[in-house]
>>> print(open('input_23.txt').read())   # compact mmCIF, C-alpha atoms
# COMPACT_ATOMS: atom_id res chain seq x y z
CA MET A 1 -15.93 16.75 8.18
CA ALA A 2 -13.03 14.46 9.18
CA GLN A 3 -10.77 13.28 6.37
CA GLU A 4 -11.38 9.69 5.34
CA PRO A 5 -8.36 7.39 5.69
CA VAL A 6 -6.58 6.29 2.53
CA LEU A 7 -5.89 2.89 4.11
CA ALA A 8 -7.85 1.24 6.91
CA VAL A 9 -7.06 -2.17 8.35
CA GLU A 10 -9.93 -3.62 10.39
CA SER A 11 -9.70 -6.62 12.75
CA LEU A 12 -7.10 -8.34 10.55
CA ARG A 13 -6.08 -11.90 11.39
CA VAL A 14 -3.21 -13.62 9.58
CA GLU A 15 -2.81 -17.34 10.04
CA PHE A 16 -0.78 -20.26 8.75
CA ALA A 17 -2.19 -23.68 7.98
CA THR A 18 -0.50 -26.57 9.81
CA GLY A 19 -1.95 -29.67 8.22
CA ASP A 20 -4.79 -31.20 10.23
CA ALA A 21 -4.04 -29.07 13.30
CA PRO A 22 -5.78 -25.72 13.88
CA PRO A 23 -4.08 -22.84 12.04
CA VAL A 24 -1.36 -20.89 13.83
CA VAL A 25 -2.37 -17.23 14.26
CA ALA A 26 0.51 -14.87 13.46
CA VAL A 27 -1.37 -11.54 13.57
CA SER A 28 -4.54 -11.12 15.61
CA ASP A 29 -7.25 -8.43 15.58
CA MET A 30 -5.01 -5.78 13.98
CA SER A 31 -6.68 -2.45 13.23
CA PHE A 32 -5.28 0.93 12.18
CA GLU A 33 -5.83 3.82 9.78
CA VAL A 34 -3.47 6.06 7.85
CA HIS A 35 -4.41 9.30 6.10
CA ARG A 36 -3.02 11.19 3.12
CA GLY A 37 0.36 12.75 3.93
CA GLU A 38 0.57 10.96 7.29
CA THR A 39 3.28 8.61 8.57
CA LEU A 40 2.30 5.76 10.87
CA CYS A 41 5.20 3.86 12.43
CA ILE A 42 4.72 0.24 13.52
CA VAL A 43 7.30 -0.77 16.13
CA GLY A 44 8.20 -3.88 18.08
CA GLU A 45 10.83 -6.57 18.39
CA SER A 46 11.63 -9.00 15.58
CA GLY A 47 8.95 -11.68 15.39
CA CYS A 48 6.09 -9.43 16.51
CA GLY A 49 4.26 -9.59 13.15
CA LYS A 50 5.14 -6.17 11.72
CA SER A 51 6.29 -7.40 8.29
CA LEU A 52 3.47 -9.95 8.04
CA THR A 53 0.97 -7.15 8.62
CA ALA A 54 2.44 -5.19 5.71
CA LEU A 55 2.63 -8.22 3.43
CA SER A 56 -0.99 -9.10 4.15
CA ILE A 57 -2.13 -5.64 2.98
CA LEU A 58 -0.84 -6.53 -0.51
CA ARG A 59 -1.79 -10.22 -0.17
CA LEU A 60 1.83 -11.29 -0.46
CA LEU A 61 1.70 -13.92 2.28
CA PRO A 62 3.70 -17.09 1.58
CA ARG A 63 1.59 -19.68 -0.21
CA PRO A 64 -0.04 -22.10 0.22
CA TYR A 65 0.10 -21.88 4.00
CA GLY A 66 -0.29 -18.19 4.76
CA ARG A 67 -3.74 -16.61 4.52
CA ILE A 68 -5.92 -13.82 5.81
CA GLY A 69 -8.28 -15.55 8.23
CA ALA A 70 -10.51 -12.57 9.04
CA GLY A 71 -10.79 -8.82 8.78
CA ARG A 72 -10.71 -6.23 6.02
CA VAL A 73 -8.08 -4.09 4.28
CA LEU A 74 -9.79 -1.00 2.86
CA LEU A 75 -8.09 1.17 0.23
CA ASP A 76 -10.27 4.25 -0.23
CA GLY A 77 -13.16 2.11 1.06
CA ARG A 78 -12.51 -0.87 -1.26
CA ASP A 79 -11.84 -4.18 0.50
CA LEU A 80 -8.65 -5.66 -0.93
CA THR A 81 -9.20 -9.02 0.79
CA THR A 82 -12.12 -9.81 -1.53
CA VAL A 83 -10.83 -8.64 -4.94
CA SER A 84 -9.55 -11.04 -7.60
CA GLU A 85 -5.89 -11.87 -8.12
CA ALA A 86 -5.82 -9.72 -11.25
CA GLU A 87 -7.29 -6.78 -9.35
CA ILE A 88 -4.80 -7.02 -6.49
CA ARG A 89 -1.93 -7.16 -9.02
CA ALA A 90 -3.21 -3.89 -10.45
CA VAL A 91 -3.08 -2.36 -6.95
CA ARG A 92 0.47 -3.52 -6.17
CA GLY A 93 3.00 -0.95 -7.29
CA ARG A 94 0.40 1.56 -8.44
CA ALA A 95 -2.00 2.39 -5.59
CA ILE A 96 0.11 0.74 -2.86
CA SER A 97 3.86 0.20 -3.13
CA MET A 98 6.29 -1.48 -0.78
CA ILE A 99 9.96 -0.88 0.00
CA PHE A 100 11.29 -4.24 1.14
CA GLN A 101 13.79 -4.76 3.92
CA GLU A 102 16.72 -6.08 1.87
CA PRO A 103 17.11 -4.60 -1.64
CA MET A 104 19.78 -7.08 -2.74
CA THR A 105 17.29 -9.96 -2.46
CA SER A 106 14.35 -7.90 -3.78
CA LEU A 107 15.98 -6.60 -6.96
CA ASN A 108 16.47 -8.95 -9.93
CA PRO A 109 20.24 -9.56 -10.25
CA VAL A 110 20.14 -10.18 -14.03
CA LEU A 111 18.24 -7.03 -15.05
CA THR A 112 19.55 -3.48 -15.05
CA VAL A 113 17.99 -1.19 -12.46
CA GLY A 114 16.61 1.03 -15.21
CA ARG A 115 14.79 -1.88 -16.81
CA GLN A 116 13.32 -2.97 -13.47
CA ILE A 117 11.89 0.50 -12.79
CA ALA A 118 10.69 0.85 -16.40
CA GLU A 119 8.86 -2.51 -16.31
CA THR A 120 6.90 -1.35 -13.25
CA VAL A 121 5.73 1.72 -15.19
CA MET A 122 4.90 -0.30 -18.31
CA VAL A 123 2.79 -2.83 -16.39
CA HIS A 124 0.66 -0.16 -14.72
CA GLU A 125 0.59 2.73 -17.20
CA GLY A 126 1.12 1.07 -20.59
CA LEU A 127 3.54 3.71 -21.89
CA SER A 128 6.04 3.12 -24.70
CA TRP A 129 9.34 1.54 -23.68
CA GLN A 130 11.20 4.80 -24.30
CA ASP A 131 8.74 6.72 -22.13
CA CYS A 132 9.13 4.09 -19.41
CA MET A 133 12.91 4.39 -19.52
CA ASP A 134 12.59 8.17 -19.42
CA ARG A 135 10.45 7.80 -16.29
CA ALA A 136 13.05 5.46 -14.78
CA LEU A 137 15.78 8.04 -15.39
CA GLU A 138 13.58 10.75 -13.89
CA MET A 139 13.01 8.63 -10.77
CA LEU A 140 16.74 7.94 -10.34
CA ARG A 141 17.31 11.69 -10.46
CA GLN A 142 14.48 12.22 -7.99
CA VAL A 143 16.02 9.83 -5.45
CA ARG A 144 19.35 11.65 -5.91
CA ILE A 145 21.46 8.85 -7.32
CA PRO A 146 24.70 10.33 -8.70
CA GLU A 147 25.30 9.90 -12.43
CA PRO A 148 21.77 8.55 -13.06
CA GLU A 149 22.35 8.18 -16.81
CA ARG A 150 25.11 5.66 -16.10
CA ARG A 151 23.40 3.95 -13.17
CA LEU A 152 20.31 3.37 -15.33
CA HIS A 153 22.23 0.67 -17.23
CA GLU A 154 23.98 -0.93 -14.25
CA TYR A 155 23.03 -4.08 -12.34
CA PRO A 156 22.19 -4.23 -8.61
CA HIS A 157 25.54 -5.79 -7.67
CA GLN A 158 27.34 -2.78 -9.15
CA LEU A 159 25.66 -0.40 -6.70
CA SER A 160 26.31 0.28 -3.03
CA GLY A 161 23.75 -0.66 -0.37
CA GLY A 162 22.54 2.92 -0.11
CA MET A 163 22.13 3.20 -3.89
CA ARG A 164 20.22 -0.09 -4.05
CA GLN A 165 17.85 1.19 -1.39
CA ARG A 166 17.35 4.37 -3.42
CA VAL A 167 16.55 2.22 -6.46
CA MET A 168 13.92 0.39 -4.39
CA ILE A 169 12.40 3.73 -3.41
CA ALA A 170 12.47 4.90 -7.05
CA MET A 171 10.68 1.72 -8.13
CA ALA A 172 8.11 2.03 -5.35
CA LEU A 173 7.30 5.65 -6.21
CA ALA A 174 7.48 5.40 -10.02
CA CYS A 175 3.69 5.19 -10.37
CA ARG A 176 2.92 7.76 -7.65
CA PRO A 177 1.19 5.39 -5.17
CA ARG A 178 -1.29 6.68 -2.61
CA VAL A 179 0.18 4.41 0.09
CA LEU A 180 3.83 3.51 0.68
CA LEU A 181 4.72 0.55 2.92
CA ALA A 182 8.35 0.78 4.06
CA ASP A 183 9.65 -2.32 5.85
CA GLU A 184 12.85 -1.45 7.74
CA PRO A 185 14.11 0.70 4.83
CA THR A 186 17.37 1.62 6.62
CA THR A 187 18.40 -1.83 7.86
CA ALA A 188 22.13 -2.60 7.38
CA LEU A 189 22.92 0.97 6.26
CA ASP A 190 25.38 3.18 8.11
CA VAL A 191 23.93 6.08 10.08
CA THR A 192 24.79 8.73 7.49
CA ILE A 193 23.05 6.82 4.69
CA GLN A 194 20.13 6.03 7.04
CA ALA A 195 19.57 9.74 7.59
CA GLN A 196 19.70 10.42 3.84
CA ILE A 197 17.18 7.66 3.08
CA LEU A 198 14.75 8.92 5.75
CA ASP A 199 15.08 12.50 4.49
CA LEU A 200 14.42 11.23 0.97
CA ILE A 201 11.25 9.36 1.98
CA ARG A 202 9.98 12.41 3.86
CA ASP A 203 10.71 14.78 0.96
CA LEU A 204 9.06 12.51 -1.61
CA GLN A 205 6.06 12.07 0.69
CA GLN A 206 5.65 15.85 0.89
CA GLU A 207 5.82 16.06 -2.92
CA THR A 208 3.33 13.25 -3.60
CA GLY A 209 1.08 13.36 -0.52
CA ALA A 210 1.43 9.61 -0.05
CA ALA A 211 0.38 7.95 3.20
CA VAL A 212 3.36 6.08 4.68
CA VAL A 213 3.36 3.01 6.92
CA LEU A 214 6.91 2.71 8.24
CA ILE A 215 7.95 -0.52 9.98
CA THR A 216 10.93 -0.20 12.28
CA HIS A 217 12.45 -1.22 15.59
CA ASP A 218 14.40 2.05 15.85
CA LEU A 219 12.63 4.51 18.13
CA GLY A 220 14.94 7.27 16.94
CA VAL A 221 13.46 6.81 13.45
CA VAL A 222 9.97 6.93 14.97
CA ALA A 223 10.67 10.22 16.74
CA GLU A 224 11.96 11.73 13.49
CA MET A 225 9.38 10.42 11.02
CA ALA A 226 6.05 9.57 12.66
CA GLN A 227 2.85 11.42 13.42
CA ARG A 228 1.36 8.28 14.99
CA VAL A 229 2.85 5.14 16.51
CA LEU A 230 1.49 1.59 16.80
CA VAL A 231 3.29 -0.82 19.15
CA MET A 232 2.99 -4.54 18.35
CA TYR A 233 3.80 -7.51 20.54
CA ALA A 234 3.33 -11.20 19.65
CA GLY A 235 1.09 -10.39 16.68
CA SER A 236 -1.23 -7.95 18.46
CA LYS A 237 -1.47 -4.22 18.99
CA VAL A 238 -0.70 -3.32 22.60
CA GLU A 239 -0.57 0.48 22.35
CA GLU A 240 -1.29 3.21 19.81
CA GLY A 241 -1.27 7.00 19.87
CA SER A 242 0.31 10.13 18.50
CA VAL A 243 4.09 10.28 18.65
CA GLU A 244 3.79 12.81 21.48
CA GLU A 245 1.41 10.59 23.47
CA ILE A 246 3.64 7.54 23.11
CA PHE A 247 6.94 9.28 23.84
CA ASP A 248 5.66 11.55 26.62
CA ALA A 249 3.48 8.99 28.39
CA PRO A 250 4.18 5.39 27.31
CA SER A 251 1.54 3.33 29.13
CA HIS A 252 2.14 -0.32 28.30
CA PRO A 253 5.01 -2.01 30.19
CA TYR A 254 6.33 -3.29 26.86
CA THR A 255 6.42 0.22 25.36
CA ARG A 256 8.17 1.52 28.45
CA GLY A 257 10.67 -1.33 28.16
CA LEU A 258 11.42 -0.41 24.54
CA MET A 259 11.92 3.22 25.55
CA ALA A 260 14.22 2.28 28.42
CA ALA A 261 16.34 0.10 26.10
CA MET A 262 17.28 3.07 23.90
CA PRO A 263 20.88 4.23 24.27
CA HIS A 264 21.30 7.83 25.44
CA LEU A 265 24.11 10.28 24.87
CA GLY A 266 26.00 10.86 28.09
CA GLY A 267 24.63 7.63 29.55
CA GLY A 268 28.03 6.72 30.96
CA ARG A 269 30.92 4.77 29.46
CA GLY A 270 30.64 1.05 30.07
CA LYS A 271 27.09 1.26 31.42
CA ARG A 272 24.88 -1.65 30.32
CA LEU A 273 21.75 -0.85 28.36
CA ASN A 274 18.45 -1.76 29.94
CA GLU A 275 16.87 -4.86 28.45
CA ILE A 276 13.52 -6.62 28.50
CA PRO A 277 14.08 -10.12 29.92
CA GLY A 278 12.90 -13.11 27.93
CA VAL A 279 11.92 -13.39 24.27
CA VAL A 280 8.82 -12.98 22.11
CA PRO A 281 6.81 -16.24 22.37
CA ALA A 282 6.67 -18.60 19.41
CA LEU A 283 3.51 -18.44 17.31
CA ASP A 284 2.37 -21.85 18.49
CA ALA A 285 3.32 -21.27 22.13
CA ARG A 286 1.52 -18.10 23.12
CA PRO A 287 0.72 -18.02 26.81
CA PRO A 288 -2.88 -17.54 27.97
CA GLY A 289 -3.94 -14.06 28.99
CA CYS A 290 -1.62 -11.17 28.09
CA ALA A 291 1.18 -12.45 25.83
CA PHE A 292 3.64 -10.08 27.52
CA ALA A 293 2.81 -11.24 31.06
CA PRO A 294 5.72 -13.76 31.37
CA ARG A 295 8.19 -10.91 30.72
CA CYS A 296 6.35 -8.18 32.64
CA MET A 297 7.46 -7.01 36.09
CA GLN A 298 3.95 -5.63 36.79
CA ALA A 299 2.00 -8.77 35.90
CA VAL A 300 -0.53 -10.16 38.39
CA ALA A 301 -2.76 -13.24 38.29
CA ARG A 302 -5.34 -11.66 36.00
CA CYS A 303 -2.66 -10.86 33.41
CA HIS A 304 -1.80 -14.56 33.11
CA ALA A 305 -5.45 -15.64 32.78
CA GLU A 306 -7.29 -13.01 30.72
CA ALA A 307 -6.21 -11.00 27.66
CA PRO A 308 -6.76 -7.26 28.23
CA PRO A 309 -8.88 -5.26 25.75
CA LEU A 310 -7.70 -2.06 24.11
CA VAL A 311 -9.04 0.94 26.04
CA GLN A 312 -8.79 4.64 25.28
CA ILE A 313 -6.87 6.57 27.91
CA GLY A 314 -6.98 10.03 26.41
CA GLY A 315 -6.91 11.77 23.03
CA THR A 316 -6.05 9.13 20.43
CA HIS A 317 -4.07 7.07 22.96
CA THR A 318 -5.15 3.44 23.46
CA VAL A 319 -3.51 0.65 25.45
CA ALA A 320 -4.17 -3.03 26.22
CA CYS A 321 -3.04 -3.56 29.81
CA TRP A 322 -4.84 -4.60 32.99
CA ALA A 323 -2.44 -2.49 35.02
CA HIS A 324 -3.73 0.69 33.38
CA GLY A 325 -7.19 2.23 33.58
CA GLN A 326 -9.16 -0.73 34.88
CA GLY A 327 -6.44 -1.66 37.36
CA ALA A 328 -4.80 -4.99 37.91
CA ARG A 329 -6.42 -7.32 40.41
CA ALA A 330 -4.71 -10.35 41.84
>>> encode(input="input_23.txt", output="structure tokens")
Amino acid sequence: MAQEPVLAVESLRVEFATGDAPPVVAVSDMSFEVHRGETLCIVGESGCGKSLTALSILRLLPRPYGRIGAGRVLLDGRDLTTVSEAEIRAVRGRAISMIFQEPMTSLNPVLTVGRQIAETVMVHEGLSWQDCMDRALEMLRQVRIPEPERRLHEYPHQLSGGMRQRVMIAMALACRPRVLLADEPTTALDVTIQAQILDLIRDLQQETGAAVVLITHDLGVVAEMAQRVLVMYAGSKVEEGSVEEIFDAPSHPYTRGLMAAMPHLGGGRGKRLNEIPGVVPALDARPPGCAFAPRCMQAVARCHAEAPPLVQIGGTHTVACWAHGQGARA
């Protein structure tokens, strides 16, 4: 019997109220699953809805305007979109944890890092303060922070960017969550520290068996970390498959554009990188039909008039493109 997913997102729609006008849809019809011990990478340009998708899983959308307009978020079969505020607070940090993109703005500047980790444990497990601090010290050791006994009593501003990111990981994993959401966990870190952070996440995942949803725009990170890849554009999924299916046979023009924009060793000194012309459309200015059509070199009349459905093209590989499978017709 197939393993049941730990986390399943079904037909999720995230929208923002705009006064008397119809709500602006930021994420539309988003669906995916992630299993125990698996890493799913969500990729796409800035503004494609990757972070909003992750925030909506924990119901952390900005209030009062952001809301889940439709769909379900199932944690072990339990719909998190319908539980009470107290119940979702019990899920955050315990069953599902999140590593945010910028640790300096996510950590409290007036509390020591040890206290911040310990408070997470106390809220969810109700241990004594000494036991919580012992757990915090254990987690700092686990994420390989040097001199953890000293760092336990230091403040975020006293740590380097790489150390602050390790503290965020320690806090996220302190209660052994079943799902870890990592939103650009290596942003603004140099390449050596990036590699260490990714190795750390992978090692801790192997130890705990957590399912990981990793948000990134770095396809090198995807190749290193993922078992499956989901490509987002303008708030929607345009392609999904195993990492081998996506890298060996990218089928959506947008995915191929992202691949072509990657720098390559030996690509030639002074040679310009390939780029995708244009920009991601604003939330309130999405074009009719396929949202990528204005930037797509393969677009025909149908692409500008009718949004393509997701179709399976082999194995676990799905794509939303009129130019594939059904064929584009002018």
>>> atom_distance(input="input_23.txt", atom1="CA of Ala323 in chain A", atom2="CA of Thr255 in chain A")
13.4 Å
>>> residues_around(input="input_23.txt", residues="Trp322 in chain A", least_positions_apart="4", cutoff="12 Å", atoms="all atoms listed in the file", output="count of residues only")
28
>>> residues_around(input="input_23.txt", residues="range 87-98 of chain A", least_positions_apart="2", cutoff="6 Å", atoms="all atoms listed in the file", output="list of chain:residue names")
A:Val83, A:Ser84, A:Glu85, A:Ala172, A:Cys175, A:Pro177, A:Arg178, A:Val179, A:Leu180, A:Leu181, A:Ala182
>>> write_last_selection(input="input_23.txt", atoms="C-alpha atoms", output="PDB file, in the coordinates of the input")
ATOM      1  CA  VAL A  83     -10.830  -8.640  -4.940  1.00  0.00           C
ATOM      2  CA  SER A  84      -9.550 -11.040  -7.600  1.00  0.00           C
ATOM      3  CA  GLU A  85      -5.890 -11.870  -8.120  1.00  0.00           C
ATOM      4  CA  ALA A 172       8.110   2.030  -5.350  1.00  0.00           C
ATOM      5  CA  CYS A 175       3.690   5.190 -10.370  1.00  0.00           C
ATOM      6  CA  PRO A 177       1.190   5.390  -5.170  1.00  0.00           C
ATOM      7  CA  ARG A 178      -1.290   6.680  -2.610  1.00  0.00           C
ATOM      8  CA  VAL A 179       0.180   4.410   0.090  1.00  0.00           C
ATOM      9  CA  LEU A 180       3.830   3.510   0.680  1.00  0.00           C
ATOM     10  CA  LEU A 181       4.720   0.550   2.920  1.00  0.00           C
ATOM     11  CA  ALA A 182       8.350   0.780   4.060  1.00  0.00           C
TER      12      ALA A 182
END
>>> residues_around(input="input_23.txt", residues="Ile215 in chain A", least_positions_apart="2", cutoff="7 Å", atoms="all atoms listed in the file", output="JSON, numbers by chain")
{"A": [41, 42, 43, 50, 182, 183, 184, 213]}
>>> closest_residue(input="input_23.txt", among="A:Glu102, A:Glu239, A:Glu38, A:Glu33", to="Gln165 in chain A", atoms="only C-alpha atoms")
A:Glu102
>>> residues_near_point(input="input_23.txt", point="(21.2, 8.6, 11.7)", cutoff="12 Å", atoms="only C-alpha atoms", output="short mmCIF file (atom, residue, chain, number, x, y, z; two decimals) with C-alpha atoms, keeping the file's coordinate frame")
data_model
loop_
_atom_site.label_atom_id
_atom_site.label_comp_id
_atom_site.auth_asym_id
_atom_site.auth_seq_id
_atom_site.Cartn_x
_atom_site.Cartn_y
_atom_site.Cartn_z
CA THR A 186 17.37 1.62 6.62
CA THR A 187 18.40 -1.83 7.86
CA LEU A 189 22.92 0.97 6.26
CA ASP A 190 25.38 3.18 8.11
CA VAL A 191 23.93 6.08 10.08
CA THR A 192 24.79 8.73 7.49
CA ILE A 193 23.05 6.82 4.69
CA GLN A 194 20.13 6.03 7.04
CA ALA A 195 19.57 9.74 7.59
CA GLN A 196 19.70 10.42 3.84
CA ILE A 197 17.18 7.66 3.08
CA LEU A 198 14.75 8.92 5.75
CA ASP A 199 15.08 12.50 4.49
CA ASP A 218 14.40 2.05 15.85
CA LEU A 219 12.63 4.51 18.13
CA GLY A 220 14.94 7.27 16.94
CA VAL A 221 13.46 6.81 13.45
CA VAL A 222 9.97 6.93 14.97
CA ALA A 223 10.67 10.22 16.74
CA GLU A 224 11.96 11.73 13.49
CA MET A 225 9.38 10.42 11.02
#
>>> residues_around(input="input_23.txt", residues="Val167 in chain A", least_positions_apart="4", cutoff="8 Å", atoms="all atoms listed in the file", output="PyMOL selection string")
chain A and resi 113+140+143+163+171
>>> atom_distance(input="input_23.txt", atom1="CA of Leu7 in chain A", atom2="CA of Gly77 in chain A")
7.9 Å
>>> atom_distance(input="input_23.txt", atom1="CA of Ala118 in chain A", atom2="CA of Ala136 in chain A")
5.4 Å
>>> closest_residue(input="input_23.txt", among="A:Leu127, A:Met262, A:Gly257, A:Thr216", to="Pro277 in chain A", atoms="only C-alpha atoms")
A:Gly257
>>> axis_aligned_box(input="input_23.txt", around="range 176-185 of chain A", padding_each_side="5 Å", output="AutoDock Vina command-line options")
--center_x 6.4 --center_y 2.7 --center_z 0.0 --size_x 25.4 --size_y 20.1 --size_z 25.4
>>> closest_residue(input="input_23.txt", among="A:Gly314, A:Arg144, A:Gly126, A:Pro109", to="Asp203 in chain A", atoms="all atoms listed in the file")
A:Arg144
>>> build_atoms(input="input_23.txt", residues="range 27-36 of chain A", atoms="all heavy atoms", output="PDB file, in the coordinates of the input")
ATOM      1  N   VAL A  27      -0.922 -12.899  13.288  1.00  0.00           N
ATOM      2  CA  VAL A  27      -1.370 -11.540  13.570  1.00  0.00           C
ATOM      3  C   VAL A  27      -2.834 -11.624  13.970  1.00  0.00           C
ATOM      4  O   VAL A  27      -3.635 -12.271  13.289  1.00  0.00           O
ATOM      5  CB  VAL A  27      -1.208 -10.604  12.350  1.00  0.00           C
ATOM      6  CG1 VAL A  27      -1.797  -9.216  12.624  1.00  0.00           C
ATOM      7  CG2 VAL A  27       0.258 -10.482  11.961  1.00  0.00           C
ATOM      8  N   SER A  28      -3.188 -10.970  15.074  1.00  0.00           N
ATOM      9  CA  SER A  28      -4.540 -11.120  15.610  1.00  0.00           C
ATOM     10  C   SER A  28      -5.187  -9.760  15.857  1.00  0.00           C
ATOM     11  O   SER A  28      -4.602  -8.891  16.509  1.00  0.00           O
ATOM     12  CB  SER A  28      -4.476 -11.902  16.937  1.00  0.00           C
ATOM     13  OG  SER A  28      -5.751 -11.989  17.531  1.00  0.00           O
ATOM     14  N   ASP A  29      -6.402  -9.591  15.295  1.00  0.00           N
ATOM     15  CA  ASP A  29      -7.250  -8.430  15.580  1.00  0.00           C
ATOM     16  C   ASP A  29      -6.503  -7.110  15.383  1.00  0.00           C
ATOM     17  O   ASP A  29      -6.587  -6.203  16.203  1.00  0.00           O
ATOM     18  CB  ASP A  29      -7.798  -8.521  17.004  1.00  0.00           C
ATOM     19  CG  ASP A  29      -9.034  -7.627  17.196  1.00  0.00           C
ATOM     20  OD1 ASP A  29      -9.737  -7.375  16.206  1.00  0.00           O
ATOM     21  OD2 ASP A  29      -9.271  -7.180  18.325  1.00  0.00           O
ATOM     22  N   MET A  30      -5.792  -6.987  14.265  1.00  0.00           N
ATOM     23  CA  MET A  30      -5.010  -5.780  13.980  1.00  0.00           C
ATOM     24  C   MET A  30      -5.877  -4.747  13.276  1.00  0.00           C
ATOM     25  O   MET A  30      -6.495  -5.041  12.249  1.00  0.00           O
ATOM     26  CB  MET A  30      -3.802  -6.142  13.114  1.00  0.00           C
ATOM     27  CG  MET A  30      -2.952  -4.953  12.676  1.00  0.00           C
ATOM     28  SD  MET A  30      -2.315  -3.991  14.052  1.00  0.00           S
ATOM     29  CE  MET A  30      -1.383  -5.239  14.917  1.00  0.00           C
ATOM     30  N   SER A  31      -5.917  -3.542  13.817  1.00  0.00           N
ATOM     31  CA  SER A  31      -6.680  -2.450  13.230  1.00  0.00           C
ATOM     32  C   SER A  31      -5.874  -1.160  13.294  1.00  0.00           C
ATOM     33  O   SER A  31      -5.251  -0.864  14.318  1.00  0.00           O
ATOM     34  CB  SER A  31      -8.017  -2.240  13.965  1.00  0.00           C
ATOM     35  OG  SER A  31      -8.853  -3.371  13.871  1.00  0.00           O
ATOM     36  N   PHE A  32      -5.878  -0.410  12.189  1.00  0.00           N
ATOM     37  CA  PHE A  32      -5.280   0.930  12.180  1.00  0.00           C
ATOM     38  C   PHE A  32      -5.734   1.659  10.923  1.00  0.00           C
ATOM     39  O   PHE A  32      -6.252   1.054   9.982  1.00  0.00           O
ATOM     40  CB  PHE A  32      -3.754   0.882  12.259  1.00  0.00           C
ATOM     41  CG  PHE A  32      -3.070   0.180  11.112  1.00  0.00           C
ATOM     42  CD1 PHE A  32      -2.796   0.829   9.918  1.00  0.00           C
ATOM     43  CD2 PHE A  32      -2.687  -1.149  11.236  1.00  0.00           C
ATOM     44  CE1 PHE A  32      -2.162   0.184   8.870  1.00  0.00           C
ATOM     45  CE2 PHE A  32      -2.046  -1.811  10.195  1.00  0.00           C
ATOM     46  CZ  PHE A  32      -1.790  -1.138   9.008  1.00  0.00           C
ATOM     47  N   GLU A  33      -5.529   2.969  10.927  1.00  0.00           N
ATOM     48  CA  GLU A  33      -5.830   3.820   9.780  1.00  0.00           C
ATOM     49  C   GLU A  33      -4.623   4.697   9.485  1.00  0.00           C
ATOM     50  O   GLU A  33      -3.839   5.017  10.378  1.00  0.00           O
ATOM     51  CB  GLU A  33      -7.039   4.731  10.065  1.00  0.00           C
ATOM     52  CG  GLU A  33      -8.344   4.007  10.296  1.00  0.00           C
ATOM     53  CD  GLU A  33      -9.481   4.980  10.602  1.00  0.00           C
ATOM     54  OE1 GLU A  33      -9.181   6.187  10.847  1.00  0.00           O
ATOM     55  OE2 GLU A  33     -10.647   4.554  10.607  1.00  0.00           O
ATOM     56  N   VAL A  34      -4.486   5.082   8.221  1.00  0.00           N
ATOM     57  CA  VAL A  34      -3.470   6.060   7.850  1.00  0.00           C
ATOM     58  C   VAL A  34      -4.064   6.981   6.791  1.00  0.00           C
ATOM     59  O   VAL A  34      -4.765   6.538   5.883  1.00  0.00           O
ATOM     60  CB  VAL A  34      -2.170   5.372   7.365  1.00  0.00           C
ATOM     61  CG1 VAL A  34      -2.419   4.513   6.140  1.00  0.00           C
ATOM     62  CG2 VAL A  34      -1.082   6.392   7.098  1.00  0.00           C
ATOM     63  N   HIS A  35      -3.820   8.288   6.956  1.00  0.00           N
ATOM     64  CA  HIS A  35      -4.410   9.300   6.100  1.00  0.00           C
ATOM     65  C   HIS A  35      -3.387   9.860   5.116  1.00  0.00           C
ATOM     66  O   HIS A  35      -2.184   9.664   5.268  1.00  0.00           O
ATOM     67  CB  HIS A  35      -4.991  10.444   6.948  1.00  0.00           C
ATOM     68  CG  HIS A  35      -6.120  10.022   7.827  1.00  0.00           C
ATOM     69  ND1 HIS A  35      -5.925   9.327   9.005  1.00  0.00           N
ATOM     70  CD2 HIS A  35      -7.463  10.190   7.707  1.00  0.00           C
ATOM     71  CE1 HIS A  35      -7.096   9.081   9.565  1.00  0.00           C
ATOM     72  NE2 HIS A  35      -8.044   9.598   8.806  1.00  0.00           N
ATOM     73  N   ARG A  36      -3.874  10.576   4.131  1.00  0.00           N
ATOM     74  CA  ARG A  36      -3.020  11.190   3.120  1.00  0.00           C
ATOM     75  C   ARG A  36      -1.976  12.088   3.801  1.00  0.00           C
ATOM     76  O   ARG A  36      -2.300  12.906   4.672  1.00  0.00           O
ATOM     77  CB  ARG A  36      -3.874  12.020   2.154  1.00  0.00           C
ATOM     78  CG  ARG A  36      -3.078  12.800   1.117  1.00  0.00           C
ATOM     79  CD  ARG A  36      -4.008  13.556   0.176  1.00  0.00           C
ATOM     80  NE  ARG A  36      -3.268  14.508  -0.650  1.00  0.00           N
ATOM     81  CZ  ARG A  36      -2.585  14.201  -1.739  1.00  0.00           C
ATOM     82  NH1 ARG A  36      -2.570  12.950  -2.151  1.00  0.00           N
ATOM     83  NH2 ARG A  36      -1.928  15.120  -2.418  1.00  0.00           N
TER      84      ARG A  36
END
